[in-house]
Amino acid sequence: MSRPTTIAHVTRIHDHCEDTRSLFLALEKPLKFAPGHFISIAIPLGDETRTRPYSIASSLDGGRAIEICFNRVPNGRGVQWLFDRSVGDALEFTGPFGTFMMERAPEVEIGLIAEGTGVAAIRPMIRRALESGSQARMHLDYAADRNEHILYREELEEWTRRASNFTFETLIAPQEVLYDRLSAIAARRWIDADADRTRQFWICGVGAGVSRIRDLLRGAGYERRAVHYEQW
């Protein structure tokens, strides 16, 4: 049985930097999703149609529009097709999908760890928590290989000014050592600093480094179900 598809149209394009872009998509009908969910976009390439997942980077706020964020990858025909889209073009997708989500406002301290465009899934989680009025402490460790790949910086800074319970720090490091340094930060902040193991975590990024941080936290005594992760 095929999954129902949704048609969306590109209404706006925003280039975060030369190789990272957001598309803003208008929907034909409202889409119900949880922060952290992704959609699967059908990408026609002539000789084949590929399906690729992209996290929903925005909150729906009762409207019919969503944002997806992506970056160029070497020999990435699918993502190049997205870069070739123009305002007015139609996209077809299924979803939302995923188990990496924040279903309700946090009641305990949470740690958020993102790498590069992985922040797209984390961003609506922070927004929902702040808008809910939750007083639970939230801290984001956000890593990238260079400064321009720290996305939504102004928004994150604004949230720290408005909310006393939200903080974030950035890490810039070469890709080959980035997750080593993120793991060291996680160990220092969430393991070595105290014996509290009631926190919850959401980790999103690319490659095996994500599961390494997951295993580090679980191995230190945090409950398995308290450490959520999305590994692209």
# chains A, B, ... in the order shown; residues from 1 in each chain; ligands from 1
>>> residues_around(residues="Pro124 in chain A", least_positions_apart="3", cutoff="10 Å", atoms="only C-alpha atoms", output="ChimeraX atom specification")
/A:34-37,56-60,101-102,119-121,127-130
>>> residues_around(residues="His9 in chain A", least_positions_apart="2", cutoff="7 Å", atoms="only C-alpha atoms", output="list in words")
Ile7, Thr11, Leu25, Ala26, Leu27, Gly88, Asp89, Ala90 and Leu91 of chain A
>>> atom_distance(atom1="CA of Glu109 in chain A", atom2="CA of Gly133 in chain A")
13.9 Å
>>> residues_around(residues="Glu223 in chain A", least_positions_apart="5", cutoff="9 Å", atoms="only C-alpha atoms", output="PyMOL selection string")
chain A and resi 197-200+217-218
>>> closest_residue(among="A:Ala163, A:Ile113, A:Ile122, A:Ala220", to="Leu140 in chain A", atoms="only C-alpha atoms")
A:Ile113
>>> select_by_dssp(residues="range 65-211 of chain A", states="helix (DSSP H, G or I)", output="ChimeraX atom specification")
/A:77-83,116-132,147-149,153-162,175-192,208-211
>>> closest_residue(among="A:His139, A:Lys32, A:Glu230, A:Leu156", to="Pro53 in chain A", atoms="only C-alpha atoms")
A:Glu230
>>> select_by_dssp(residues="range 119-170 of chain A", states="strand (DSSP E or B)", output="PyMOL selection string")
chain A and resi 138-144+166-170
>>> atom_distance(atom1="CA of Phe38 in chain A", atom2="CA of Ser183 in chain A")
25.4 Å
>>> closest_residue(among="A:Asp84, A:Glu107, A:Asp47, A:Asp145", to="Pro174 in chain A", atoms="only C-alpha atoms")
A:Asp145
>>> closest_residue(among="A:Tyr152, A:Asp180, A:Pro44, A:Val227", to="Arg123 in chain A", atoms="only C-alpha atoms")
A:Tyr152
>>> atom_distance(atom1="CA of Ile172 in chain A", atom2="CA of Gly111 in chain A")
18.7 Å
>>> residues_around(residues="Glu154 in chain A", least_positions_apart="6", cutoff="12 Å", atoms="only C-alpha atoms", output="VMD selection string")
chain A and resid 16 160 to 161 168
>>> write_last_selection(atoms="N, CA and C atoms", output="PDB file, in the first residue's frame")
ATOM      1  N   HIS A  16      21.983  30.212   3.615  1.00  0.00           N
ATOM      2  CA  HIS A  16      22.703  30.467   4.860  1.00  0.00           C
ATOM      3  C   HIS A  16      24.163  30.810   4.558  1.00  0.00           C
ATOM      4  N   THR A 160      18.699  33.077  23.974  1.00  0.00           N
ATOM      5  CA  THR A 160      19.448  33.162  25.233  1.00  0.00           C
ATOM      6  C   THR A 160      19.173  34.474  25.953  1.00  0.00           C
ATOM      7  N   ARG A 161      18.910  35.545  25.192  1.00  0.00           N
ATOM      8  CA  ARG A 161      18.590  36.830  25.830  1.00  0.00           C
ATOM      9  C   ARG A 161      17.192  36.824  26.448  1.00  0.00           C
ATOM     10  N   PHE A 168      23.560  28.169  24.884  1.00  0.00           N
ATOM     11  CA  PHE A 168      24.194  27.356  23.848  1.00  0.00           C
ATOM     12  C   PHE A 168      25.654  27.767  23.704  1.00  0.00           C
TER      13      PHE A 168
END
